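Text of query.txt, listed as compact mmCIF, C-alpha atoms:
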```txt
# COMPACT_ATOMS: atom_id res chain seq x y z
CA MET A 1 0.00 0.00 0.00
CA LEU A 2 1.12 3.55 -0.66
CA ASP A 3 2.37 5.67 2.26
CA LEU A 4 -0.17 8.15 3.52
CA PRO A 5 0.46 11.90 3.22
CA ASP A 6 1.11 13.67 6.53
CA PRO A 7 -1.91 14.20 8.83
CA GLU A 8 -1.83 17.99 8.47
CA ARG A 9 -2.17 17.74 4.70
CA LEU A 10 -4.90 15.12 5.01
CA TYR A 11 -6.88 17.21 7.46
CA ALA A 12 -6.61 20.28 5.22
CA ALA A 13 -7.90 18.17 2.31
CA LEU A 14 -10.78 16.91 4.46
CA VAL A 15 -11.85 20.42 5.47
CA ALA A 16 -11.57 21.66 1.86
CA ARG A 17 -13.22 18.51 0.44
CA ASP A 18 -10.29 18.40 -1.96
CA ALA A 19 -11.26 16.12 -4.87
CA SER A 20 -7.63 15.84 -5.95
CA MET A 21 -7.00 13.77 -2.82
CA GLU A 22 -9.78 11.30 -3.59
CA GLY A 23 -8.41 7.79 -3.32
CA ARG A 24 -5.33 8.78 -1.33
CA ALA A 25 -6.84 8.18 2.09
CA LEU A 26 -9.99 7.68 4.17
CA VAL A 27 -10.73 9.27 7.54
CA GLY A 28 -12.10 7.45 10.57
CA VAL A 29 -13.88 9.59 13.15
CA THR A 30 -13.20 8.22 16.62
CA THR A 31 -16.19 9.96 18.23
CA THR A 32 -18.71 8.31 15.88
CA GLY A 33 -16.94 5.13 14.77
CA ILE A 34 -17.62 6.03 11.13
CA PHE A 35 -15.14 6.34 8.25
CA CYS A 36 -15.55 8.63 5.25
CA ARG A 37 -14.02 9.83 2.02
CA LEU A 38 -12.10 13.09 2.28
CA THR A 39 -14.77 14.67 0.06
CA CYS A 40 -17.65 13.71 2.38
CA PRO A 41 -20.16 16.57 2.89
CA ALA A 42 -20.72 15.66 6.55
CA ARG A 43 -19.66 17.98 9.36
CA LYS A 44 -15.91 17.87 9.90
CA PRO A 45 -14.42 16.37 13.07
CA ARG A 46 -11.64 17.94 15.07
CA PRO A 47 -8.12 16.86 14.07
CA GLU A 48 -7.58 14.88 17.26
CA HIS A 49 -10.66 12.79 16.47
CA CYS A 50 -9.33 11.66 13.07
CA ARG A 51 -7.62 8.43 12.16
CA TRP A 52 -6.26 8.04 8.64
CA PHE A 53 -6.40 4.88 6.55
CA ASP A 54 -5.02 3.95 3.14
CA GLY A 55 -8.15 2.02 2.22
CA ALA A 56 -11.56 0.76 3.28
CA ALA A 57 -10.29 -2.66 4.35
CA ALA A 58 -7.96 -1.09 6.92
CA ALA A 59 -10.75 1.10 8.27
CA VAL A 60 -13.15 -1.84 8.58
CA ALA A 61 -10.45 -3.93 10.26
CA ALA A 62 -10.00 -1.14 12.80
CA GLY A 63 -13.70 -1.34 13.71
CA PHE A 64 -15.06 1.68 11.80
CA ARG A 65 -18.39 1.61 9.94
CA PRO A 66 -18.84 3.09 6.44
CA CYS A 67 -20.52 6.48 6.15
CA ARG A 68 -23.97 6.39 4.55
CA ARG A 69 -23.51 9.80 2.93
CA CYS A 70 -20.27 9.37 0.98
CA HIS A 71 -20.27 5.53 0.66
CA PRO A 72 -16.52 4.98 1.13
CA LEU A 73 -16.79 1.29 0.30
CA GLY A 74 -17.49 2.18 -3.33
CA PRO A 75 -14.64 2.47 -5.83
CA GLN A 76 -12.64 5.56 -4.93
CA ALA A 77 -11.66 5.95 -8.58
CA GLU A 78 -15.21 7.21 -9.16
CA GLY A 79 -14.19 10.50 -7.58
CA ASP A 80 -11.00 10.99 -9.59
CA ALA A 81 -11.76 13.24 -12.56
CA THR A 82 -8.55 12.31 -14.42
CA VAL A 83 -9.25 8.60 -14.09
CA GLN A 84 -12.89 8.92 -15.14
CA ARG A 85 -12.05 11.02 -18.18
CA LEU A 86 -9.44 8.57 -19.42
CA LEU A 87 -11.65 5.53 -18.73
CA ALA A 88 -14.45 7.14 -20.76
CA ALA A 89 -12.02 7.76 -23.63
CA LEU A 90 -10.87 4.13 -23.46
CA ARG A 91 -14.47 2.86 -23.54
CA ASP A 92 -15.14 4.99 -26.64
CA ASP A 93 -12.07 3.72 -28.50
CA PRO A 94 -10.81 0.42 -27.02
CA GLY A 95 -8.71 -0.46 -30.08
CA ARG A 96 -6.66 2.73 -30.03
CA ARG A 97 -2.90 2.56 -29.43
CA TRP A 98 -2.76 5.07 -26.61
CA THR A 99 0.47 6.91 -25.78
CA GLU A 100 1.43 9.43 -23.13
CA GLY A 101 1.35 12.01 -25.93
CA ASP A 102 -2.36 11.26 -26.39
CA VAL A 103 -2.91 11.78 -22.67
CA ALA A 104 -1.08 15.10 -22.80
CA ALA A 105 -3.13 16.15 -25.87
CA MET A 106 -6.25 15.83 -23.68
CA GLY A 107 -4.79 18.50 -21.38
CA LEU A 108 -3.82 15.95 -18.73
CA ASP A 109 -0.44 15.49 -17.12
CA PRO A 110 0.84 11.99 -18.03
CA SER A 111 2.75 11.56 -14.76
CA THR A 112 -0.33 12.52 -12.73
CA ALA A 113 -2.43 10.08 -14.73
CA ARG A 114 0.16 7.35 -14.29
CA ARG A 115 0.22 7.78 -10.50
CA ALA A 116 -3.59 7.95 -10.29
CA PHE A 117 -4.09 4.70 -12.20
CA ARG A 118 -1.43 2.91 -10.19
CA ARG A 119 -3.08 4.14 -6.99
CA HIS A 120 -6.56 2.95 -7.99
CA PHE A 121 -5.86 -0.06 -10.21
CA GLY A 122 -2.29 -1.16 -9.60
CA VAL A 123 -1.41 -0.59 -13.29
CA THR A 124 -1.01 2.45 -15.53
CA PHE A 125 -3.57 3.76 -18.01
CA LEU A 126 -1.38 2.54 -20.87
CA ASP A 127 -1.36 -0.96 -19.30
CA LEU A 128 -5.18 -0.91 -19.20
CA ALA A 129 -5.28 0.31 -22.79
CA ARG A 130 -3.09 -2.63 -23.90
CA GLN A 131 -5.43 -5.03 -22.09
CA ALA A 132 -8.42 -3.47 -23.86
CA ARG A 133 -6.72 -3.89 -27.25
CA LEU A 134 -5.94 -7.52 -26.56
CA ARG A 135 -9.54 -8.08 -25.45
CA GLU A 136 -10.73 -6.79 -28.84
CA GLY A 137 -8.41 -9.24 -30.53
CA VAL A 138 -9.71 -12.15 -28.45
CA ARG A 139 -13.27 -11.21 -29.33
CA GLY A 140 -12.40 -11.09 -33.02
CA LEU A 141 -10.80 -14.53 -32.94
CA LYS A 142 -13.73 -15.98 -31.02
CA ALA A 143 -16.09 -14.58 -33.66
CA GLY A 144 -14.19 -16.45 -36.34
CA GLU A 145 -11.99 -13.70 -37.76
CA ALA A 146 -8.65 -14.52 -39.29
CA VAL A 147 -5.65 -13.84 -37.06
CA ILE A 148 -4.67 -10.84 -39.18
CA GLY A 149 -8.17 -9.35 -38.80
CA ALA A 150 -8.13 -9.86 -35.04
CA GLN A 151 -4.66 -8.33 -34.93
CA LEU A 152 -5.86 -5.21 -36.73
CA ASP A 153 -8.97 -4.99 -34.52
CA ALA A 154 -6.65 -5.02 -31.55
CA GLY A 155 -4.54 -2.18 -32.93
CA PHE A 156 -1.34 -4.21 -33.26
CA ASP A 157 0.87 -3.16 -36.16
CA SER A 158 2.74 -6.45 -36.34
CA ALA A 159 1.45 -10.00 -36.42
CA SER A 160 4.34 -11.13 -34.22
CA GLY A 161 3.48 -8.53 -31.58
CA PHE A 162 -0.12 -9.73 -31.46
CA ARG A 163 0.88 -13.40 -31.37
CA ASN A 164 3.38 -12.77 -28.58
CA ALA A 165 0.86 -10.79 -26.50
CA PHE A 166 -1.76 -13.51 -27.03
CA ALA A 167 0.69 -16.27 -26.12
CA ARG A 168 1.69 -14.45 -22.91
CA LEU A 169 -1.98 -14.40 -21.96
CA PHE A 170 -3.05 -17.92 -22.97
CA GLY A 171 0.23 -19.79 -23.06
CA GLN A 172 -0.12 -20.61 -26.76
CA PRO A 173 -0.49 -18.71 -30.06
CA PRO A 174 -3.89 -17.80 -31.54
CA ALA A 175 -3.89 -20.54 -34.19
CA ALA A 176 -3.52 -23.21 -31.49
CA MET A 177 -6.83 -22.18 -29.90
CA ARG A 178 -8.98 -22.79 -32.95
CA GLY A 179 -11.11 -25.86 -33.57
CA ALA A 180 -12.83 -28.39 -31.34
CA ALA A 181 -11.72 -28.77 -27.73
CA GLY A 182 -13.16 -30.07 -24.50
CA LEU A 183 -12.40 -26.79 -22.71
CA LEU A 184 -13.42 -23.29 -23.74
CA ALA A 185 -11.80 -20.01 -22.69
CA ASP A 186 -13.26 -16.52 -22.78
CA TRP A 187 -12.49 -13.01 -21.56
CA LEU A 188 -14.75 -11.59 -18.84
CA ASP A 189 -14.90 -7.87 -18.10
CA THR A 190 -15.14 -6.92 -14.42
CA PRO A 191 -14.82 -3.65 -12.46
CA LEU A 192 -11.39 -4.86 -11.31
CA GLY A 193 -10.08 -5.67 -14.78
CA GLY A 194 -10.28 -8.43 -17.34
CA MET A 195 -10.41 -12.07 -16.30
CA ILE A 196 -9.94 -15.30 -18.23
CA ALA A 197 -12.45 -18.09 -17.55
CA VAL A 198 -11.85 -21.67 -18.69
CA ALA A 199 -14.60 -24.28 -18.42
CA ASP A 200 -15.95 -27.47 -19.88
CA ASP A 201 -19.64 -28.39 -19.89
CA ASP A 202 -19.48 -29.57 -16.28
CA ALA A 203 -17.31 -27.15 -14.28
CA LEU A 204 -15.22 -24.01 -14.16
CA HIS A 205 -11.52 -24.92 -14.31
CA LEU A 206 -9.87 -21.51 -14.12
CA LEU A 207 -10.74 -17.89 -13.35
CA GLU A 208 -7.80 -15.49 -13.24
CA PHE A 209 -7.12 -11.80 -13.78
CA VAL A 210 -5.42 -11.31 -17.14
CA ASP A 211 -2.47 -9.42 -15.64
CA ARG A 212 -1.59 -12.07 -13.10
CA HIS A 213 2.02 -13.15 -13.67
CA ALA A 214 1.25 -16.81 -12.96
CA LEU A 215 -1.67 -17.01 -15.41
CA THR A 216 0.26 -19.06 -17.97
CA ALA A 217 1.41 -21.49 -15.28
CA SER A 218 -2.18 -21.84 -14.06
CA LEU A 219 -3.36 -22.58 -17.60
CA ARG A 220 -0.81 -25.39 -17.86
CA ARG A 221 -2.47 -27.08 -14.88
CA VAL A 222 -5.79 -27.28 -16.71
CA PRO A 223 -5.99 -30.72 -18.37
CA GLY A 224 -6.95 -30.94 -22.02
CA ALA A 225 -7.00 -28.75 -25.12
CA VAL A 226 -8.42 -25.24 -24.76
CA ALA A 227 -10.17 -23.27 -27.51
CA LEU A 228 -11.70 -19.82 -27.53
CA GLY A 229 -15.43 -19.93 -26.92
CA ARG A 230 -18.26 -19.71 -24.44
CA ASN A 231 -20.55 -22.24 -22.74
CA ALA A 232 -23.25 -22.27 -20.05
CA ILE A 233 -20.72 -22.64 -17.22
CA ILE A 234 -18.86 -19.48 -18.26
CA ASP A 235 -22.19 -17.65 -18.65
CA ARG A 236 -23.15 -18.73 -15.14
CA ALA A 237 -19.80 -17.64 -13.67
CA GLU A 238 -20.11 -14.26 -15.37
CA ALA A 239 -23.65 -13.71 -14.04
CA GLU A 240 -22.64 -14.64 -10.49
CA LEU A 241 -19.59 -12.39 -10.66
CA ALA A 242 -21.80 -9.50 -11.81
CA ALA A 243 -24.06 -10.00 -8.79
CA PHE A 244 -21.02 -10.07 -6.51
CA PHE A 245 -19.48 -6.89 -7.91
CA ALA A 246 -22.85 -5.13 -7.61
CA ALA A 247 -22.81 -6.13 -3.90
CA ARG A 248 -26.05 -8.07 -4.32
CA GLU A 249 -24.86 -11.62 -3.65
CA ALA A 250 -21.64 -13.26 -2.45
CA ARG A 251 -22.78 -16.87 -2.89
CA PHE A 252 -21.36 -18.74 -5.89
CA THR A 253 -23.02 -21.93 -7.09
CA VAL A 254 -21.11 -22.56 -10.31
CA PRO A 255 -19.44 -26.02 -10.09
CA LEU A 256 -15.65 -25.99 -9.84
CA ALA A 257 -12.84 -28.28 -10.93
CA LEU A 258 -9.91 -27.75 -8.56
CA HIS A 259 -6.51 -28.77 -9.94
CA GLY A 260 -3.92 -29.16 -7.22
CA THR A 261 -2.49 -31.48 -4.62
CA ALA A 262 -4.72 -33.04 -1.99
CA PHE A 263 -3.43 -30.49 0.53
CA GLU A 264 -4.08 -27.55 -1.80
CA ARG A 265 -7.62 -28.73 -2.51
CA GLU A 266 -8.24 -29.07 1.23
CA VAL A 267 -7.11 -25.46 1.76
CA TRP A 268 -9.21 -24.17 -1.15
CA GLU A 269 -12.33 -25.98 0.04
CA ARG A 270 -11.85 -24.57 3.54
CA LEU A 271 -11.45 -21.09 2.09
CA ARG A 272 -14.94 -21.38 0.64
CA THR A 273 -16.38 -21.78 4.14
CA ILE A 274 -15.12 -18.36 5.33
CA PRO A 275 -18.24 -16.17 5.49
CA PRO A 276 -18.25 -13.14 3.15
CA GLY A 277 -17.15 -10.04 5.02
CA GLU A 278 -14.92 -12.00 7.40
CA THR A 279 -11.14 -12.24 7.21
CA TRP A 280 -8.96 -14.96 8.69
CA SER A 281 -5.21 -15.11 9.21
CA TYR A 282 -3.10 -17.79 7.57
CA GLY A 283 -2.59 -19.27 11.01
CA ALA A 284 -6.34 -19.45 11.63
CA LEU A 285 -6.81 -21.19 8.28
CA ALA A 286 -4.10 -23.71 9.20
CA GLN A 287 -5.88 -24.34 12.52
CA ALA A 288 -9.20 -24.82 10.67
CA ILE A 289 -7.78 -27.69 8.62
CA ALA A 290 -6.16 -29.19 11.76
CA ARG A 291 -2.65 -28.36 10.51
CA PRO A 292 -1.56 -25.68 13.01
CA ALA A 293 2.11 -25.95 12.01
CA ALA A 294 1.37 -25.57 8.28
CA THR A 295 0.94 -21.80 8.11
CA ARG A 296 3.55 -21.37 5.37
CA ALA A 297 2.17 -24.27 3.37
CA VAL A 298 -1.30 -22.75 3.65
CA ALA A 299 0.07 -19.44 2.34
CA ARG A 300 1.66 -21.25 -0.63
CA ALA A 301 -1.61 -23.04 -1.37
CA ASN A 302 -3.38 -19.68 -1.29
CA SER A 303 -0.93 -18.29 -3.84
CA ARG A 304 -1.59 -21.23 -6.17
CA ASN A 305 -5.36 -20.81 -6.16
CA HIS A 306 -6.48 -20.74 -9.82
CA ILE A 307 -10.12 -19.73 -9.32
CA ALA A 308 -10.02 -16.16 -8.04
CA ILE A 309 -12.88 -14.62 -6.03
CA ILE A 310 -15.04 -17.77 -6.10
CA VAL A 311 -12.36 -19.55 -4.07
CA PRO A 312 -11.93 -16.50 -1.81
CA CYS A 313 -8.22 -16.39 -0.98
CA HIS A 314 -8.70 -12.61 -0.63
CA ARG A 315 -10.34 -13.30 2.75
CA VAL A 316 -7.01 -14.34 4.25
CA ILE A 317 -4.83 -11.55 5.67
CA GLY A 318 -1.72 -11.25 7.81
CA ALA A 319 -1.84 -11.98 11.52
CA ASP A 320 -1.33 -8.27 12.18
CA GLY A 321 -4.31 -7.34 9.99
CA SER A 322 -2.21 -6.28 7.01
CA LEU A 323 -3.29 -7.07 3.46
CA THR A 324 -0.59 -9.46 2.32
CA GLY A 325 -0.04 -12.06 -0.34
CA TYR A 326 -2.68 -11.56 -3.02
CA ALA A 327 -1.50 -12.59 -6.49
CA GLY A 328 -4.05 -10.32 -8.18
CA GLY A 329 -2.61 -7.27 -6.42
CA LEU A 330 -3.25 -5.79 -2.98
CA TRP A 331 -5.44 -3.07 -4.50
CA ARG A 332 -7.81 -5.79 -5.74
CA LYS A 333 -7.74 -7.56 -2.38
CA GLU A 334 -8.77 -4.33 -0.68
CA ALA A 335 -11.56 -3.78 -3.22
CA LEU A 336 -12.91 -7.32 -2.78
CA ILE A 337 -12.92 -7.01 1.00
CA GLY A 338 -14.69 -3.67 0.59
CA ILE A 339 -17.41 -5.21 -1.59
CA GLU A 340 -18.01 -7.92 0.99
CA ALA A 341 -18.15 -5.34 3.76
CA ARG A 342 -20.93 -3.59 1.78
CA LEU A 343 -22.76 -6.90 1.45
CA ARG A 344 -22.45 -7.61 5.14
CA ALA A 345 -23.56 -4.09 6.08
CA GLY A 346 -26.66 -4.48 3.91
CA ALA A 347 -27.52 -7.96 5.15
```
Just give me the structure as structure tokens.
Amino acid sequence: MLDLPDPERLYAALVARDASMEGRALVGVTTTGIFCRLTCPARKPRPEHCRWFDGAAAAVAAGFRPCRRCHPLGPQAEGDATVQRLLAALRDDPGRRWTEGDVAAMGLDPSTARRAFRRHFGVTFLDLARQARLREGVRGLKAGEAVIGAQLDAGFDSASGFRNAFARLFGQPPAAMRGAAGLLADWLDTPLGGMIAVADDDALHLLEFVDRHALTASLRRVPGAVALGRNAIIDRAEAELAAFFAAREARFTVPLALHGTAFEREVWERLRTIPPGETWSYGALAQAIARPAATRAVARANSRNHIAIIVPCHRVIGADGSLTGYAGGLWRKEALIGIEARLRAGA
């Protein structure tokens, strides 16, 4: 997590409702037990009654409740004008090859934009733009386009560049994912970035964020040939994820195929019993499977989980309450915990 600015600067931003500080911190008011965005319209507390947090998960862990006026459990990027403007531009033209010069031409400072996107999403705007271009290429291939057509849809000038980017994502070149196969793979859009889902007609085998470094290794653990496509299992996973991200439902019923050792599968199954909105330590999870000395092994099993969110490894935190060890990025872990806190608050 990023270091917080000094308390004096944070308090000045709170009093001024400074939108430029949106996403940098949240304030907990000790006299009310409530935490807010810095832009909250509520009456301002005295400085000595303020506690500062780098995210909603830390505030919830400290026992504060979310404000009902400013809704601090919602995505803080919603209040960042630079982020929203660039996201809108990306939605309008997902196949564009964005550069920092394009950002500057919009009257925005590229370094400010870069820091803002890293703060909110863990990646830069240009990283997100590259993901969007690759998504367009995947959609073109799935629709039956030739590789060259999908490459052009994705805004790649060279065929080798497109093939290499595709192979980094799926572990094999585009041509290898054509034709009949027992497993189908598709790109799912979520508020936390693109995900790859792999399923057969019976179960979901993989669900990973596209920028996870271990995605290719996870794909290798899925048995059988994989082709681009969609089936009822992927549709079901996408619908249940949409309900989760909308903070309507945290229960997943899509059947899963877990590929790991017996110990890893035991850890993953136990993870699914942690109630939404709760967090456990790695030590507590080791105790729950009657392996109290296996804390490190439990942490390794967590890191090898290949079905993100549905197998909720994000619900496991450090013994000191810190957000540690999430392969999808700590910013996503914080966001997922925040969504579940909203669900629990509305239950």
Excluding stretch 242-259 of chain A and residues on its chain fewer than 4 positions from it, collect all residues at most 7 Å away from it, counting only C-alpha atoms, and give them as a compact mmCIF listing (two decimals) with C-alpha atoms, in the coordinates of the input.
```
# COMPACT_ATOMS: atom_id res chain seq x y z
CA ALA A 203 -17.31 -27.15 -14.28
CA LEU A 204 -15.22 -24.01 -14.16
CA HIS A 205 -11.52 -24.92 -14.31
CA ARG A 221 -2.47 -27.08 -14.88
CA VAL A 222 -5.79 -27.28 -16.71
CA ILE A 233 -20.72 -22.64 -17.22
CA ARG A 236 -23.15 -18.73 -15.14
CA ALA A 237 -19.80 -17.64 -13.67
CA GLU A 238 -20.11 -14.26 -15.37
CA ARG A 265 -7.62 -28.73 -2.51
CA PRO A 276 -18.25 -13.14 3.15
CA ILE A 310 -15.04 -17.77 -6.10
CA ILE A 339 -17.41 -5.21 -1.59
CA ARG A 342 -20.93 -3.59 1.78
CA LEU A 343 -22.76 -6.90 1.45
```
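Each of A:Cys36, A:Leu90, A:Ala56, A:Ala308 was compared to A:Met195 using all atoms listed in the file, and A:Ala308 turns out to be the nearest.
Among the candidate residues A:Ala19, A:Pro275, A:His306, A:Arg270, the one lying nearest to A:Glu340 is A:Pro275, with distances computed using only C-alpha atoms.
Closest approach to A:Thr324 among A:Trp280, A:Phe170, A:Phe209, A:Trp52: A:Trp280, based on all atoms listed in the file.
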Spatial neighbours of A:Val316, 8 Å, all atoms listed in the file, chain gap at least 3 places, as a compact mmCIF listing (two decimals) with C-alpha atoms, in the coordinates of the input:
```
# COMPACT_ATOMS: atom_id res chain seq x y z
CA THR A 279 -11.14 -12.24 7.21
CA TRP A 280 -8.96 -14.96 8.69
CA SER A 281 -5.21 -15.11 9.21
CA TYR A 282 -3.10 -17.79 7.57
CA LEU A 285 -6.81 -21.19 8.28
CA CYS A 313 -8.22 -16.39 -0.98
```
Residues near A:Ile309, cut-off 10 Å, all atoms listed in the file, skip fewer than 5 positions along chain, as a ChimeraX atom specification
/A:207-208,241,244,250,252,272,314-315,333,336
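Between atom CA of A:Leu228 and atom CA of A:Leu184 lies a distance of 5.4 Å.
Going from atom CA of A:Ser111 to atom CA of A:Ala165 covers 25.3 Å.
Atom CA of A:Pro72 is found 11.5 Å from atom CA of A:Phe53.
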Around the point (-11.1, -21.5, -0.1) (coordinates from the file), which residues reach within 7 Å if we count only C-alpha atoms? Answer as a ChimeraX atom specification.
/A:267-273,311-313
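Using only C-alpha atoms for every distance, the candidate list A:Ala81, A:Pro191, A:Leu14, A:Thr112 yields A:Pro191 as the residue closest to A:Ala335.
Compared by their closest atoms to A:Ala232, and using only C-alpha atoms, the residues A:Thr190, A:Ala185, A:Phe117, A:Thr39 rank with A:Ala185 nearest.
Each of A:Asp211, A:Asp54, A:Asp189, A:Asp92 was checked against A:Thr124 using all atoms listed in the file; the smallest atom-to-atom distance is that of A:Asp211.
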Do you know which residues are at most 12 Å from A:Arg46 counting all atoms listed in the file, after dropping those on the same chain fewer than 4 positions away, and could you put them as a PyMOL selection string?
chain A and resi 8+11-12+14-15+27-32+50-51
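Near A:Asp18, within a cut-off of 12 Å and counting only C-alpha atoms, sit the residues Arg9, Leu10, Tyr11, Ala12, Arg24, Ala25, Arg37, Leu38, Thr39, Cys40, Pro41, Gly79, Asp80 and Ala81 of chain A, with same-chain residues fewer than 6 positions away left out.
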Mind writing the picked residues with C-alpha atoms as a PDB file, keeping the file's coordinate frame?
```
ATOM      1  CA  ARG A   9      -2.170  17.740   4.700  1.00  0.00           C
ATOM      2  CA  LEU A  10      -4.900  15.120   5.010  1.00  0.00           C
ATOM      3  CA  TYR A  11      -6.880  17.210   7.460  1.00  0.00           C
ATOM      4  CA  ALA A  12      -6.610  20.280   5.220  1.00  0.00           C
ATOM      5  CA  ARG A  24      -5.330   8.780  -1.330  1.00  0.00           C
ATOM      6  CA  ALA A  25      -6.840   8.180   2.090  1.00  0.00           C
ATOM      7  CA  ARG A  37     -14.020   9.830   2.020  1.00  0.00           C
ATOM      8  CA  LEU A  38     -12.100  13.090   2.280  1.00  0.00           C
ATOM      9  CA  THR A  39     -14.770  14.670   0.060  1.00  0.00           C
ATOM     10  CA  CYS A  40     -17.650  13.710   2.380  1.00  0.00           C
ATOM     11  CA  PRO A  41     -20.160  16.570   2.890  1.00  0.00           C
ATOM     12  CA  GLY A  79     -14.190  10.500  -7.580  1.00  0.00           C
ATOM     13  CA  ASP A  80     -11.000  10.990  -9.590  1.00  0.00           C
ATOM     14  CA  ALA A  81     -11.760  13.240 -12.560  1.00  0.00           C
TER      15      ALA A  81
END
```
Give me the box for stretch 199-203 of chain A as AutoDock Vina command-line options, namely the centre and edge lengths in Å to one decimal of a box along x, y and z that holds every listed atom plus 6 Å on each side.
```
--center_x -17.1 --center_y -26.9 --center_z -17.1 --size_x 17.0 --size_y 17.3 --size_z 17.6
```
